[in-house]
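The data block below is coords.txt; it holds compact mmCIF, C-alpha atoms and all ligand atoms.
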```txt
# COMPACT_ATOMS: atom_id res chain seq x y z
CA VAL A 5 0.00 0.00 0.00
CA THR A 6 1.52 3.31 -1.05
CA GLU A 7 1.13 6.73 0.49
CA LEU A 8 -1.60 7.48 -2.08
CA ALA A 9 -3.85 4.80 -0.61
CA ARG A 10 -5.19 6.80 2.30
CA ASP A 11 -8.37 6.57 4.30
CA ARG A 12 -11.51 7.56 2.41
CA ARG A 13 -10.98 10.74 0.46
CA SER A 14 -13.00 13.81 1.25
CA ARG A 15 -14.91 15.28 -1.70
CA THR A 16 -16.86 18.03 0.02
CA THR A 17 -15.32 20.94 -1.92
CA ASP A 18 -15.94 19.10 -5.19
CA GLY A 19 -19.54 18.45 -4.11
CA ALA A 20 -20.10 22.15 -3.46
CA TRP A 21 -18.73 23.13 -6.89
CA ARG A 22 -20.86 20.45 -8.55
CA GLU A 23 -23.93 21.81 -6.81
CA ARG A 24 -23.17 25.33 -8.09
CA ALA A 25 -22.35 23.99 -11.55
CA ARG A 26 -25.70 22.17 -11.84
CA ARG A 27 -27.48 25.51 -11.55
CA VAL A 28 -25.61 27.22 -14.41
CA ILE A 29 -24.06 24.54 -16.66
CA PRO A 30 -26.16 21.94 -18.56
CA THR A 31 -25.91 18.62 -16.63
CA GLY A 32 -23.37 20.34 -14.36
CA MET A 33 -20.65 19.23 -16.78
CA TYR A 34 -21.12 17.96 -20.34
CA GLY A 35 -18.82 16.18 -22.79
CA HIS A 36 -16.03 13.68 -22.30
CA LEU A 37 -14.78 15.21 -19.05
CA GLY A 38 -18.19 15.02 -17.37
CA VAL A 39 -18.23 12.46 -14.55
CA ASN A 40 -22.01 12.09 -14.07
CA ALA A 41 -21.95 8.59 -15.61
CA LEU A 42 -18.84 7.51 -13.65
CA PRO A 43 -18.61 6.06 -10.13
CA PRO A 44 -18.99 8.51 -7.22
CA GLU A 45 -15.26 8.33 -6.44
CA TYR A 46 -14.55 10.53 -9.49
CA PRO A 47 -14.21 14.22 -8.63
CA GLN A 48 -15.40 16.69 -11.26
CA PHE A 49 -13.11 19.60 -10.49
CA TYR A 50 -9.33 19.69 -10.27
CA GLY A 51 -7.03 22.18 -8.62
CA ARG A 52 -3.52 21.42 -9.87
CA ALA A 53 -1.45 19.21 -12.16
CA GLU A 54 2.27 18.42 -12.27
CA GLY A 55 4.13 15.69 -14.18
CA ALA A 56 1.87 12.62 -14.11
CA HIS A 57 0.12 13.73 -10.90
CA VAL A 58 -3.03 15.78 -10.35
CA TRP A 59 -4.81 17.09 -7.27
CA ASP A 60 -8.57 17.54 -7.10
CA VAL A 61 -10.18 20.61 -5.51
CA ASP A 62 -10.22 18.80 -2.14
CA GLY A 63 -6.45 18.32 -2.36
CA ASN A 64 -6.60 14.55 -3.03
CA GLU A 65 -3.65 13.40 -5.14
CA TYR A 66 -3.87 10.96 -8.07
CA VAL A 67 -1.53 9.41 -10.62
CA ASP A 68 -3.30 10.37 -13.84
CA VAL A 69 -3.48 7.51 -16.34
CA MET A 70 -6.01 9.37 -18.52
CA CYS A 71 -3.67 12.31 -19.22
CA SER A 72 -6.72 14.54 -19.78
CA PHE A 73 -7.82 12.08 -22.54
CA GLY A 74 -4.51 12.46 -24.35
CA PRO A 75 -3.18 16.02 -24.37
CA ASN A 76 -0.71 15.42 -21.54
CA ILE A 77 2.10 13.52 -23.28
CA LEU A 78 5.32 14.86 -21.73
CA GLY A 79 3.97 15.56 -18.25
CA TYR A 80 1.93 18.49 -16.93
CA GLY A 81 4.04 21.64 -16.66
CA HIS A 82 6.94 20.24 -18.71
CA PRO A 83 9.73 22.83 -18.16
CA THR A 84 10.89 23.21 -21.78
CA VAL A 85 7.34 23.57 -23.10
CA GLU A 86 6.36 25.98 -20.32
CA GLN A 87 9.47 28.10 -20.95
CA ALA A 88 8.70 28.31 -24.68
CA ALA A 89 5.08 29.23 -23.89
CA ALA A 90 6.13 31.85 -21.30
CA ASP A 91 8.69 33.41 -23.66
CA GLN A 92 6.07 33.69 -26.40
CA ARG A 93 3.40 34.96 -23.96
CA ALA A 94 5.76 37.76 -22.90
CA ARG A 95 5.90 38.86 -26.56
CA GLY A 96 2.26 38.27 -27.54
CA ASP A 97 -0.38 35.57 -28.03
CA THR A 98 -3.54 36.83 -29.79
CA GLN A 99 -2.24 39.44 -32.26
CA PRO A 100 -3.28 40.98 -35.61
CA GLY A 101 -1.42 38.15 -37.35
CA PRO A 102 0.43 34.97 -36.45
CA ALA A 103 3.93 34.95 -34.94
CA PRO A 104 6.85 33.40 -36.86
CA CYS A 105 6.51 30.25 -34.73
CA MET A 106 3.54 29.33 -36.98
CA VAL A 107 5.99 28.85 -39.84
CA GLU A 108 8.44 26.99 -37.60
CA LEU A 109 5.66 24.66 -36.46
CA ALA A 110 4.57 23.97 -40.04
CA GLU A 111 8.21 23.30 -41.01
CA LEU A 112 8.69 20.94 -38.07
CA LEU A 113 5.52 18.95 -38.85
CA VAL A 114 6.44 18.71 -42.55
CA GLU A 115 9.89 17.46 -41.50
CA ARG A 116 8.57 14.88 -39.01
CA VAL A 117 5.47 13.55 -40.78
CA ALA A 118 6.46 11.78 -44.01
CA HIS A 119 3.31 12.41 -46.08
CA ALA A 120 3.02 16.10 -45.14
CA ASP A 121 4.00 18.91 -47.51
CA TRP A 122 1.99 21.62 -45.74
CA ALA A 123 0.12 22.34 -42.51
CA MET A 124 -2.95 24.34 -41.49
CA PHE A 125 -3.70 25.08 -37.85
CA ALA A 126 -6.83 25.27 -35.70
CA LYS A 127 -7.78 24.51 -32.10
CA ASN A 128 -9.50 21.14 -31.56
CA GLY A 129 -9.50 17.69 -33.09
CA THR A 130 -12.95 18.26 -34.58
CA ASP A 131 -11.57 21.31 -36.42
CA ALA A 132 -8.76 19.18 -37.84
CA THR A 133 -10.88 16.21 -39.01
CA SER A 134 -13.51 18.56 -40.48
CA LEU A 135 -10.79 20.57 -42.24
CA CYS A 136 -9.48 17.35 -43.83
CA LEU A 137 -12.97 16.55 -45.13
CA SER A 138 -13.51 20.04 -46.54
CA ILE A 139 -10.10 19.95 -48.22
CA ALA A 140 -10.78 16.49 -49.69
CA ARG A 141 -14.16 17.65 -51.03
CA ALA A 142 -12.81 20.94 -52.39
CA THR A 143 -9.95 19.13 -54.14
CA THR A 144 -11.97 16.27 -55.63
CA GLY A 145 -15.27 18.09 -56.22
CA ARG A 146 -17.03 15.08 -54.63
CA SER A 147 -19.40 14.67 -51.69
CA ALA A 148 -19.21 11.24 -50.09
CA VAL A 149 -17.01 10.28 -47.17
CA LEU A 150 -16.38 6.83 -45.67
CA ALA A 151 -15.89 6.50 -41.92
CA ALA A 152 -15.68 3.35 -39.78
CA ARG A 153 -18.90 2.54 -37.94
CA GLY A 154 -18.53 3.58 -34.28
CA ALA A 155 -15.27 5.51 -34.75
CA TYR A 156 -15.18 8.93 -33.11
CA HIS A 157 -13.85 11.79 -35.23
CA GLY A 158 -15.31 14.72 -33.28
CA TRP A 159 -18.62 16.27 -32.35
CA ALA A 160 -19.46 17.85 -35.75
CA ALA A 161 -22.72 16.77 -37.38
CA TRP A 162 -20.96 14.49 -39.93
CA SER A 163 -18.99 12.65 -37.24
CA ASN A 164 -21.15 12.81 -34.11
CA LEU A 165 -21.95 9.37 -32.73
CA ARG A 166 -25.18 10.75 -31.25
CA VAL A 167 -27.89 12.05 -33.54
CA ASP A 168 -29.45 14.57 -31.13
CA GLY A 169 -28.99 18.05 -32.54
CA THR A 170 -28.04 16.85 -36.03
CA THR A 171 -30.12 16.32 -39.15
CA SER A 172 -30.13 13.30 -41.43
CA GLU A 173 -29.21 15.65 -44.30
CA GLU A 174 -25.98 16.55 -42.48
CA ARG A 175 -25.07 12.87 -42.27
CA ALA A 176 -26.37 11.85 -45.70
CA ASN A 177 -22.95 11.77 -47.35
CA VAL A 178 -21.23 9.63 -44.72
CA PHE A 179 -21.00 5.89 -45.50
CA PRO A 180 -19.95 3.35 -42.86
CA TYR A 181 -17.45 0.51 -43.18
CA ARG A 182 -15.95 -1.87 -40.62
CA PHE A 183 -12.39 -1.23 -39.42
CA ASN A 184 -9.91 -3.88 -40.67
CA ASP A 185 -12.51 -5.21 -43.16
CA LEU A 186 -11.44 -4.24 -46.67
CA ALA A 187 -14.49 -5.85 -48.30
CA SER A 188 -16.71 -3.52 -46.25
CA VAL A 189 -14.73 -0.53 -47.58
CA GLU A 190 -15.33 -1.74 -51.16
CA ARG A 191 -19.04 -2.17 -50.41
CA ALA A 192 -19.27 1.33 -48.90
CA ILE A 193 -17.55 2.76 -51.99
CA ASP A 194 -20.14 1.04 -54.18
CA ASP A 195 -22.96 2.37 -51.96
CA ALA A 196 -21.55 5.90 -52.13
CA GLY A 197 -20.92 5.73 -55.87
CA ARG A 198 -17.41 5.02 -57.15
CA ASP A 199 -17.10 8.46 -58.73
CA ASP A 200 -18.34 10.34 -55.70
CA VAL A 201 -16.01 9.34 -52.86
CA ALA A 202 -14.03 12.34 -51.65
CA ALA A 203 -12.35 10.67 -48.66
CA VAL A 204 -11.93 7.52 -46.62
CA VAL A 205 -11.31 8.41 -42.98
CA VAL A 206 -9.40 5.86 -40.86
CA SER A 207 -8.08 5.70 -37.31
CA PRO A 208 -4.44 4.61 -36.79
CA PHE A 209 -5.88 1.56 -34.98
CA ARG A 210 -9.39 0.78 -33.76
CA HIS A 211 -9.78 2.73 -30.52
CA ASP A 212 -13.57 3.13 -30.27
CA ALA A 213 -14.72 3.84 -26.71
CA GLY A 214 -16.53 0.91 -25.10
CA HIS A 215 -14.78 -1.74 -27.24
CA ASP A 216 -11.63 -3.78 -27.01
CA GLN A 217 -9.02 -2.14 -29.22
CA GLU A 218 -7.89 -3.67 -32.52
CA MET A 219 -4.46 -3.15 -34.02
CA THR A 220 -4.39 -2.39 -37.75
CA ASP A 221 -3.95 -5.30 -40.14
CA PRO A 222 -1.16 -4.05 -42.46
CA ALA A 223 -2.99 -5.64 -45.41
CA PHE A 224 -6.04 -3.53 -44.51
CA ALA A 225 -3.93 -0.35 -44.44
CA ARG A 226 -2.38 -1.16 -47.82
CA GLY A 227 -5.77 -2.16 -49.24
CA VAL A 228 -7.45 1.09 -48.18
CA ARG A 229 -4.59 3.04 -49.75
CA GLU A 230 -5.06 1.09 -53.01
CA CYS A 231 -8.84 1.71 -52.95
CA CYS A 232 -8.30 5.44 -52.52
CA ASP A 233 -5.82 5.46 -55.41
CA ARG A 234 -8.13 3.40 -57.63
CA TYR A 235 -11.14 5.66 -57.11
CA GLY A 236 -9.34 9.01 -56.68
CA ALA A 237 -10.38 9.54 -53.04
CA ALA A 238 -8.27 11.05 -50.27
CA LEU A 239 -6.99 8.72 -47.56
CA VAL A 240 -7.40 10.67 -44.30
CA ILE A 241 -5.86 9.42 -41.03
CA ASP A 242 -7.37 10.78 -37.84
CA GLU A 243 -4.27 11.09 -35.64
CA VAL A 244 -6.08 13.20 -33.06
CA ARG A 245 -5.95 10.55 -30.31
CA ALA A 246 -2.90 8.47 -31.24
CA GLY A 247 -0.66 11.02 -32.97
CA PHE A 248 2.95 11.05 -31.64
CA ARG A 249 2.13 8.36 -29.03
CA LEU A 250 2.90 5.49 -31.43
CA HIS A 251 5.56 7.00 -33.65
CA HIS A 252 7.55 10.24 -34.05
CA GLY A 253 5.90 10.75 -37.46
CA GLY A 254 2.61 9.48 -38.88
CA SER A 255 1.24 6.37 -37.15
CA TRP A 256 1.07 4.31 -40.34
CA GLU A 257 4.64 5.13 -41.43
CA PRO A 258 5.96 1.90 -39.85
CA LEU A 259 3.39 0.05 -42.04
CA GLY A 260 4.72 1.84 -45.13
CA VAL A 261 1.34 3.47 -45.84
CA ASP A 262 1.04 7.23 -46.27
CA PRO A 263 -2.31 9.05 -46.15
CA ASP A 264 -3.05 12.13 -48.26
CA LEU A 265 -4.35 14.14 -45.30
CA SER A 266 -4.05 13.76 -41.54
CA ALA A 267 -5.76 15.39 -38.55
CA TRP A 268 -3.84 16.14 -35.32
CA SER A 269 -4.56 17.78 -31.99
CA LYS A 270 -4.58 16.51 -28.36
CA ALA A 271 -0.88 15.84 -27.64
CA ILE A 272 0.90 18.10 -30.14
CA GLY A 273 1.06 21.07 -27.73
CA ASN A 274 1.31 19.10 -24.45
CA GLY A 275 -1.99 20.59 -23.28
CA TYR A 276 -2.02 23.88 -25.18
CA ALA A 277 -4.98 24.34 -27.53
CA ILE A 278 -3.73 23.54 -31.01
CA ALA A 279 -4.80 21.32 -33.90
CA ALA A 280 -3.33 20.71 -37.34
CA ALA A 281 -4.46 19.39 -40.70
CA LEU A 282 -1.50 18.11 -42.73
CA GLY A 283 -1.56 17.18 -46.39
CA ASN A 284 0.38 16.34 -49.51
CA GLU A 285 0.83 18.39 -52.70
CA ARG A 286 -2.22 16.91 -54.45
CA PHE A 287 -4.56 18.32 -51.80
CA VAL A 288 -3.02 21.77 -51.39
CA ARG A 289 -5.41 23.06 -54.09
CA GLY A 290 -8.44 22.34 -51.92
CA ALA A 291 -6.67 23.72 -48.85
CA GLU A 292 -6.12 26.98 -50.75
CA ARG A 293 -9.76 27.21 -51.84
CA ILE A 294 -11.76 26.52 -48.68
CA PHE A 295 -12.67 29.26 -46.22
CA ALA A 296 -11.75 28.02 -42.75
CA THR A 297 -10.60 30.18 -39.87
CA GLY A 298 -11.20 31.09 -36.22
CA SER A 299 -10.66 34.06 -33.91
CA PHE A 300 -8.19 32.09 -31.79
CA TRP A 301 -6.70 29.70 -34.36
CA TYR A 302 -3.49 31.73 -34.76
CA GLN A 303 -2.61 32.30 -31.10
CA ALA A 304 1.16 32.22 -30.80
CA VAL A 305 1.53 30.63 -27.34
CA PRO A 306 0.09 27.22 -28.29
CA MET A 307 2.17 27.23 -31.48
CA ALA A 308 5.37 27.97 -29.55
CA ALA A 309 4.37 25.25 -27.06
CA ALA A 310 3.78 22.81 -29.93
CA VAL A 311 7.22 23.48 -31.44
CA ALA A 312 8.80 22.79 -28.04
CA THR A 313 6.61 19.71 -27.47
CA ILE A 314 7.36 18.06 -30.80
CA ARG A 315 11.11 18.68 -30.36
CA ALA A 316 11.04 17.38 -26.76
CA LEU A 317 9.10 14.25 -27.75
CA ARG A 318 12.07 13.10 -29.80
CA ASP A 319 14.87 14.62 -27.68
CA ASP A 320 13.50 13.07 -24.48
CA ALA A 321 12.78 9.67 -26.14
CA ALA A 322 9.20 10.12 -24.95
CA ILE A 323 7.69 7.18 -26.82
CA ASP A 324 10.27 4.81 -25.31
CA ALA A 325 9.38 6.15 -21.85
CA MET A 326 5.64 5.63 -22.47
CA VAL A 327 6.23 2.11 -23.80
CA ARG A 328 8.32 1.26 -20.72
CA ALA A 329 5.69 2.58 -18.30
CA GLY A 330 2.86 1.01 -20.31
CA THR A 331 4.60 -2.37 -20.36
CA LEU A 332 5.15 -2.28 -16.59
CA LEU A 333 1.47 -1.48 -16.17
CA ARG A 334 0.26 -4.19 -18.57
CA ASP A 335 2.49 -6.87 -17.01
CA GLY A 336 1.46 -5.83 -13.49
CA LEU A 337 -2.25 -5.90 -14.38
CA ALA A 338 -1.90 -9.35 -15.95
CA ARG A 339 -0.20 -10.67 -12.79
CA GLN A 340 -2.86 -9.14 -10.53
CA ALA A 341 -5.76 -10.36 -12.66
CA SER A 342 -4.50 -13.91 -12.56
CA ALA A 343 -3.71 -13.73 -8.81
CA HIS A 344 -7.27 -12.52 -8.15
CA GLY A 345 -8.82 -14.95 -10.62
CA VAL A 346 -10.49 -12.12 -12.56
CA ALA A 347 -10.51 -12.47 -16.37
CA ILE A 348 -9.53 -9.27 -18.21
CA ASN A 349 -8.68 -8.32 -21.78
CA GLN A 350 -5.83 -5.90 -22.34
CA THR A 351 -5.81 -4.53 -25.89
CA GLY A 352 -4.17 -1.84 -28.00
CA PRO A 353 -0.68 -0.38 -27.76
CA VAL A 354 0.74 -0.37 -24.19
CA GLN A 355 1.00 3.42 -24.24
CA MET A 356 -2.78 3.64 -24.95
CA PRO A 357 -4.08 0.61 -23.06
CA ASN A 358 -7.67 -0.60 -22.89
CA VAL A 359 -8.80 -2.93 -20.13
CA SER A 360 -12.11 -4.79 -20.20
CA PHE A 361 -13.58 -7.55 -18.04
CA ASP A 362 -15.04 -10.84 -19.28
CA GLY A 363 -18.84 -11.00 -19.18
CA ASP A 364 -19.04 -7.39 -18.04
CA VAL A 365 -22.68 -6.47 -18.61
CA ALA A 366 -23.08 -2.67 -18.85
CA PHE A 367 -19.47 -2.18 -17.67
CA ALA A 368 -20.46 -2.96 -14.07
CA LYS A 369 -17.14 -4.66 -13.24
CA ALA A 370 -15.11 -1.95 -14.98
CA MET A 371 -17.02 0.72 -13.02
CA THR A 372 -16.36 -1.07 -9.71
CA PHE A 373 -12.69 -1.54 -10.61
CA CYS A 374 -12.14 2.08 -11.66
CA GLY A 375 -14.10 3.50 -8.71
CA ALA A 376 -11.89 1.59 -6.27
CA ALA A 377 -8.73 2.55 -8.16
CA MET A 378 -9.79 6.19 -8.03
CA GLU A 379 -10.33 5.95 -4.27
CA HIS A 380 -6.76 4.60 -4.05
CA GLY A 381 -5.25 7.36 -6.17
CA ALA A 382 -5.22 6.31 -9.84
CA ILE A 383 -7.31 7.93 -12.57
CA LEU A 384 -8.46 5.26 -15.03
CA HIS A 385 -11.61 4.96 -17.17
CA PRO A 386 -14.12 2.09 -17.38
CA ARG A 387 -15.13 2.59 -21.03
CA HIS A 388 -12.32 4.47 -22.72
CA ASN A 389 -8.68 3.72 -23.43
CA TRP A 390 -6.16 5.11 -20.96
CA PHE A 391 -3.07 7.16 -21.84
CA LEU A 392 0.50 6.90 -20.59
CA CYS A 393 2.79 9.93 -20.68
CA ALA A 394 6.57 10.29 -20.63
CA ALA A 395 6.45 11.55 -17.02
CA HIS A 396 5.10 8.26 -15.62
CA THR A 397 7.94 6.87 -13.49
CA ASP A 398 8.34 3.30 -12.28
CA ALA A 399 7.21 4.54 -8.85
CA ASP A 400 4.07 6.04 -10.43
CA ILE A 401 3.24 2.71 -12.05
CA GLU A 402 3.80 0.97 -8.71
CA ALA A 403 1.34 3.40 -7.12
CA VAL A 404 -1.14 2.75 -9.93
CA LEU A 405 -0.75 -0.99 -9.44
CA ALA A 406 -1.43 -0.60 -5.70
CA ALA A 407 -4.67 1.16 -6.71
CA THR A 408 -5.60 -1.47 -9.32
CA ASP A 409 -4.99 -4.20 -6.74
CA ALA A 410 -7.72 -2.54 -4.69
CA GLY A 411 -9.78 -2.45 -7.89
CA PHE A 412 -9.43 -6.21 -8.44
CA ARG A 413 -10.29 -6.87 -4.79
CA ALA A 414 -13.46 -4.82 -5.20
CA VAL A 415 -14.42 -6.70 -8.39
CA ARG A 416 -13.79 -10.04 -6.70
CA SER A 417 -15.88 -9.20 -3.67
CA SER A 418 -18.76 -7.69 -5.70
CA PHE A 419 -18.97 -10.20 -8.56
CA GLU A 420 -17.39 -13.46 -7.42
CA THR A 421 -19.94 -16.25 -7.63
CA PRO A 422 -19.94 -18.31 -4.41
C1 LIG B 501 -9.80 10.08 -32.77
C2 LIG B 501 -10.41 11.40 -32.41
N1 LIG B 501 -10.74 12.25 -33.39
C3 LIG B 501 -11.27 13.45 -33.12
C4 LIG B 501 -11.52 13.84 -31.84
C5 LIG B 501 -12.11 15.19 -31.57
O1 LIG B 501 -11.18 16.01 -30.96
P1 LIG B 501 -11.65 17.26 -30.09
O2 LIG B 501 -12.39 16.72 -28.91
O3 LIG B 501 -10.38 17.94 -29.71
O4 LIG B 501 -12.53 18.10 -30.96
C6 LIG B 501 -11.18 12.99 -30.78
C7 LIG B 501 -11.43 13.37 -29.39
O5 LIG B 501 -11.43 12.59 -28.49
C8 LIG B 501 -10.62 11.73 -31.07
O6 LIG B 501 -10.29 10.87 -30.10
```
Please lay out the structure from this file as C-alpha cells.
Amino acid sequence: VTELARDRRSRTTDGAWRERARRVIPTGMYGHLGVNALPPEYPQFYGRAEGAHVWDVDGNEYVDVMCSFGPNILGYGHPTVEQAAADQRARGDTQPGPAPCMVELAELLVERVAHADWAMFAKNGTDATSLCLSIARATTGRSAVLAARGAYHGWAAWSNLRVDGTTSEERANVFPYRFNDLASVERAIDDAGRDDVAAVVVSPFRHDAGHDQEMTDPAFARGVRECCDRYGAALVIDEVRAGFRLHHGGSWEPLGVDPDLSAWSKAIGNGYAIAAALGNERFVRGAERIFATGSFWYQAVPMAAAVATIRALRDDAAIDAMVRAGTLLRDGLARQASAHGVAINQTGPVQMPNVSFDGDVAFAKAMTFCGAAMEHGAILHPRHNWFLCAAHTDADIEAVLAATDAGFRAVRSSFETP
C-alpha cells in the first residue's frame, strides 16, 4: 500500500462546486470530461497538475493515467514547453497576425510527418478532421465520405456518434465501413458511388470507446490506400488521439502506408490548444480554396508550445518512456488479474491501453474496478482507453498498481460467484 492509498478521500469541496455547476451549466458538466456517468469516487473539479500527478479541488492526489484524454504527453508543466510558452506569452499571443513560430511549427511537422508537404492550424481535433474533409471535397469536387462505424472523429454533425442536434441531411454523405474489413470498404464505396467518394477516414488503430481495441492489419492499411488510389479519393488518417504516441511521425509510417491528409490535436502542444491538418501536394489546391478560420486559431503561445513539445518528444525519447511505463502497467495488471482470478482483456498499444472484463454487462465490473482505483489514487476509465505519458515513473506505475490491486479486490468481492 503506497502513500496514495489513504483513508476515504474527502470530496466536500468538489460536491459544493458540482452543486453550483448544476445551476448554471447543462448537466453540471457535459462532454467527455463530465463524470455524471462515472462512479462517485470521481471528482469533477481539479485544482492542480504536475508531471503525471493531479490534485482535485479537495487536495486529493492521483496518478493520472487518462492524461486529460490524451493532451498530456510529456507531463503536466513540462519545463521546456512551459518556458517556450512563457517566452512567447511575454511577446504576444492573440495578435493581428500569427507569430513566426507558426511557420516553424509547419516546417517541423512537414519534417517529421512523411506524407506532409503543408500544414494548417486550428484549435481542436474536430476542427482538424472537419478541415481534412472540406479539403478532400474541395480538391476532388465530390461529396461522399467513408468512416468506420462507431469511430469517433469529433462532435461535428458528420462525425457525431449521437444524432441529437443533427439532421439526417448533415449525415447523408457519410457511409460506414468496418475497421480492418477491406471488403466492407469496397461495399461502402459502391454504396456511395465510385465516382463520388471524396475521402476515406481511418483511425491509426481501432480505438472506439466501449470496445476492445484492434491493431491495424497491415494488409487492410495497404488495401485502403489502393482503394483510394483506384477511385481518386483522399486517404485521411485521424491522428487526433494516437498522434505522436505510437511514432515520431505518422502512425502508419511503420506500415509503409502514407495518407493524403491527416488530422492532429490533443498531444501536439502538451496541453495547449492547437490542432493541425497536414496534407500532400495533391490536396493543397483544396486547402487553398476553402474558407476556414477562427478568432483564436493563430494564437502564438500554443504554437510555440507545440514546437517545443514536438522537439522534446524526440529529444526526451518520450515514446520509449511511455512504452516502458505502459509495459510495466500491462504486465502488473496481468499478474494481478491472474492472482485474483479475474478475467480481463488488455488490448491496444501499451502506451494507450484498454482494459475490459469478461462478461461485463453494462461495464459494471469496470465501473467497480475504476471507482476503487480512483479511491486509491489512480485515474483510469471504465469505457475508454487510458493514456500513458513520458512523465510516468516506475514509482508512479507501482502506485497505480497498488490502486488497481484494490480495484481487483473490489471486483472479486462484488462479482465473485460463491
Ligand atoms: C480520434 C479522435 N478524433 C477526433 C476527436 C475530436 O477532438 P476534439 O475533442 O479535440 O474536438 C477525438 C477526441 O477525443 C478523437 O479521439
query: So which one's closest to Ile278 in chain A, A:Val261, A:Ala148, A:Met106, A:Ala25? Using all atoms listed in the file, please.
result: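 Once distances to Ile278 in chain A are computed over all atoms listed in the file, the minimum belongs to A:Met106.
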Contacts of Pro263 in chain A within 10 Å, all atoms listed in the file, excl. fewer than 5 positions in-chain, as JSON, numbers by chain: {"A": [118, 119, 120, 204, 205, 206, 225, 228, 229, 232, 238, 239, 240, 241, 242, 254, 256, 257, 282, 283, 284]}
message: Let me see if you get this right: every residue at most 8 Å from ligand LIG 501 (chain B), counting only C-alpha atoms and all ligand atoms, written as JSON, numbers by chain.
response: {"A": [36, 73, 127, 128, 129, 130, 131, 132, 133, 155, 156, 157, 158, 159, 207, 211, 242, 243, 244, 245, 246, 267, 269, 270, 279]}
task: Could you check which of A:Arg175, A:Arg27, A:Arg210, A:Arg13 is closest to Gly63 in chain A, using only C-alpha atoms?
output: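 Going through A:Arg175, A:Arg27, A:Arg210, A:Arg13 one by one, the smallest distance to Gly63 in chain A is for A:Arg13.
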Enclose range 373-382 of chain A, meaning all of its atoms listed in the file, in a box aligned along x, y and z, pad it by 6 Å on each side, and list the centre and edge lengths in Å to one decimal, as AutoDock Vina command-line options.
```
--center_x -9.7 --center_y 2.9 --center_z -7.9 --size_x 20.9 --size_y 20.9 --size_z 19.6
```
Supply range 188-193 of chain A as a short mmCIF file (atom, residue, chain, number, x, y, z; two decimals), in the coordinates of the input, with all heavy atoms built in where the input has gaps.
```cif
data_model
loop_
_atom_site.label_atom_id
_atom_site.label_comp_id
_atom_site.auth_asym_id
_atom_site.auth_seq_id
_atom_site.Cartn_x
_atom_site.Cartn_y
_atom_site.Cartn_z
N SER A 188 -15.67 -4.48 -46.66
CA SER A 188 -16.71 -3.52 -46.25
C SER A 188 -16.39 -2.12 -46.79
O SER A 188 -17.30 -1.33 -47.04
CB SER A 188 -16.89 -3.51 -44.73
OG SER A 188 -15.83 -2.82 -44.10
N VAL A 189 -15.11 -1.82 -46.97
CA VAL A 189 -14.73 -0.53 -47.58
C VAL A 189 -15.18 -0.52 -49.04
O VAL A 189 -15.78 0.45 -49.52
CB VAL A 189 -13.20 -0.29 -47.47
CG1 VAL A 189 -12.78 0.96 -48.22
CG2 VAL A 189 -12.77 -0.20 -46.00
N GLU A 190 -14.92 -1.63 -49.73
CA GLU A 190 -15.33 -1.74 -51.16
C GLU A 190 -16.85 -1.59 -51.29
O GLU A 190 -17.34 -0.90 -52.17
CB GLU A 190 -14.91 -3.11 -51.72
CG GLU A 190 -13.41 -3.36 -51.72
CD GLU A 190 -12.74 -2.98 -53.04
OE1 GLU A 190 -13.39 -2.27 -53.84
OE2 GLU A 190 -11.58 -3.38 -53.24
N ARG A 191 -17.57 -2.25 -50.36
CA ARG A 191 -19.04 -2.17 -50.41
C ARG A 191 -19.51 -0.73 -50.18
O ARG A 191 -20.40 -0.23 -50.86
CB ARG A 191 -19.68 -3.08 -49.36
CG ARG A 191 -19.77 -4.54 -49.78
CD ARG A 191 -20.73 -5.31 -48.89
NE ARG A 191 -20.34 -5.30 -47.49
CZ ARG A 191 -19.45 -6.15 -46.94
NH1 ARG A 191 -18.86 -7.07 -47.68
NH2 ARG A 191 -19.14 -6.07 -45.66
N ALA A 192 -18.87 -0.06 -49.21
CA ALA A 192 -19.27 1.33 -48.90
C ALA A 192 -18.97 2.24 -50.09
O ALA A 192 -19.74 3.17 -50.38
CB ALA A 192 -18.55 1.81 -47.64
N ILE A 193 -17.87 1.96 -50.79
CA ILE A 193 -17.55 2.76 -51.99
C ILE A 193 -18.62 2.56 -53.05
O ILE A 193 -19.09 3.51 -53.69
CB ILE A 193 -16.13 2.41 -52.52
CG1 ILE A 193 -15.08 2.96 -51.55
CG2 ILE A 193 -15.92 2.96 -53.93
CD1 ILE A 193 -13.64 2.59 -51.88
#
```
